[in-house]
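Step one of this worksheet: look at the structure below.
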Amino acid sequence: MTMAAQNFKTSIQIQPSFQCHLFPSSLPTIFKIRHKPQSPITLKFHPIQASNHKYITPTKQQQEEDDGIPIEHIKTLVKFKSRHNYIRVLEVSRRADHPLAGSRLLLLDAPGNIHSISFLFKSITNAYYDVLATLPPILPPGPLGILGFGAGSAAKLILEMYPQGVIHGYELDPSVISVGREYLGLSKVEKQYPDRLFIYISNALNASVKDGYSGFIVDLFSKGCLIPELQNPQTWEKLKRKLKKGGKIMVNVGGSCVEPEDSRKDGKVIMEETLMAMNKVFEGEVFVLNLGNRKQEDSSVAIVGGLPDLEKWRISLPKPLRFYVDMWNQYGG
């Protein structure tokens, strides 16, 4: 069963001093860690969305009845500090009665925002990566650039769903790629698609190919925030020049669900500044898909370059992803 009729909020305590929250989204999942000493060790699930995609709030009784997942179903596989990140990989047991059962999660930054999800027996993540995977059918022919590759959650989906897709992925931290290969199935994906997946350890904003990209997926965070370059219209001008005619850019713009390392920063404010910068370059062509409770723990994905014919887009997508087509709204900032 897909998460088309459900959503959830989750908390994982990794150590006695850290608690990880998976916050509600409209269908996918949004993740982050908060410092919370001496909290119980639980992994909680709260259904908060009806099948008609209208938001509902869990009752107090529903919250009290949620007993979570015992710690024996959560395992830390690796944790260390690289030059750019504090890296952790968690594994959720397949025995767990939870939508994330059987998954491995890549956490980055001190707050522990989750950047990649890998399931052993399925591709759909029920997270924002599924939204990113709706982009290829509306692009012109050519390579797709993923800026902020992580461990390849979006790339895996795209390569499996679209046989003609070619991906150039850019990741600044070589340790993230190494962890992806060892713990999250990236090496298997590379072996399966050697002529369609190309990974570069480099500054993603310097990405370049000879004849341009059909599109970009932008997922660039550092220290729990969208990188500051994305609040500069010149960055979007630069990316626009690298697109083929008809190319589009889909962006994880975060929101209040994302927890910065610097408590003085506000993820929602940074999201709005990023959308404003995008709209200065792609005026009237910015659309936003909100993945959560707009008043509390929201997160959003944006697309620039305008929307295609929605019915044609819907038909071109795998069935589990089709409902996303109706969730876009024009940015009005």
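Letters A, B, ... go to the chains of the structure tokens in the order shown; residues in each chain start at 1; ligands are counted from 1 in the same order.
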
Write out as number ranges by chain the residues lying within 10 Å of Glu229 in chain A, counting only C-alpha atoms and excluding same-chain residues fewer than 2 positions away. A: 205, 220, 226-227, 231-236, 274, 277

Alpha helix (DSSP H) positions in range 155-199 of chain A, given as a PyMOL selection string: chain A and resi 155-161+174-183+186-192

Please determine, counting only C-alpha atoms, which residue among A:Asp195, A:Asp326, A:Asp309, A:Glu237 has the shortest atom-to-atom distance to Glu283 in chain A. A:Glu237

Please list as a ChimeraX atom specification every residue within 8 Å of range 246-248 of chain A, counting only C-alpha atoms and excluding residues in the same chain fewer than 4 positions away. /A:139-140,213-216,303-306

Record the distance separating CA of Ser175 in chain A and CA of Ala151 in chain A, expressed in Å with one decimal. 9.9 Å

Do you have the CA of Pro174 in chain A-CA of Ser187 in chain A distance handy? 13.8 Å

Could you pull the residues within 12 Å of Glu285 in chain A, counting only C-alpha atoms, minus those fewer than 3 positions along the same chain, as a list in words?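 The residues satisfying every condition are Lys248, Ile249, Met250, Leu275, Met276, Met278, Asn279, Lys280, Val281, Phe282, Val288, Ala302, Ile303, Val304, Gly305, Gly306, Leu307, Pro308, Trp328, Asn329, Gln330, Tyr331, Gly332 and Gly333 of chain A.
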
Residue nearest Ser299 in chain A among A:Lys268, A:Lys79, A:Lys122, A:His168 (counting only C-alpha atoms):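 Distance minimum relative to Ser299 in chain A lands on A:Lys268.
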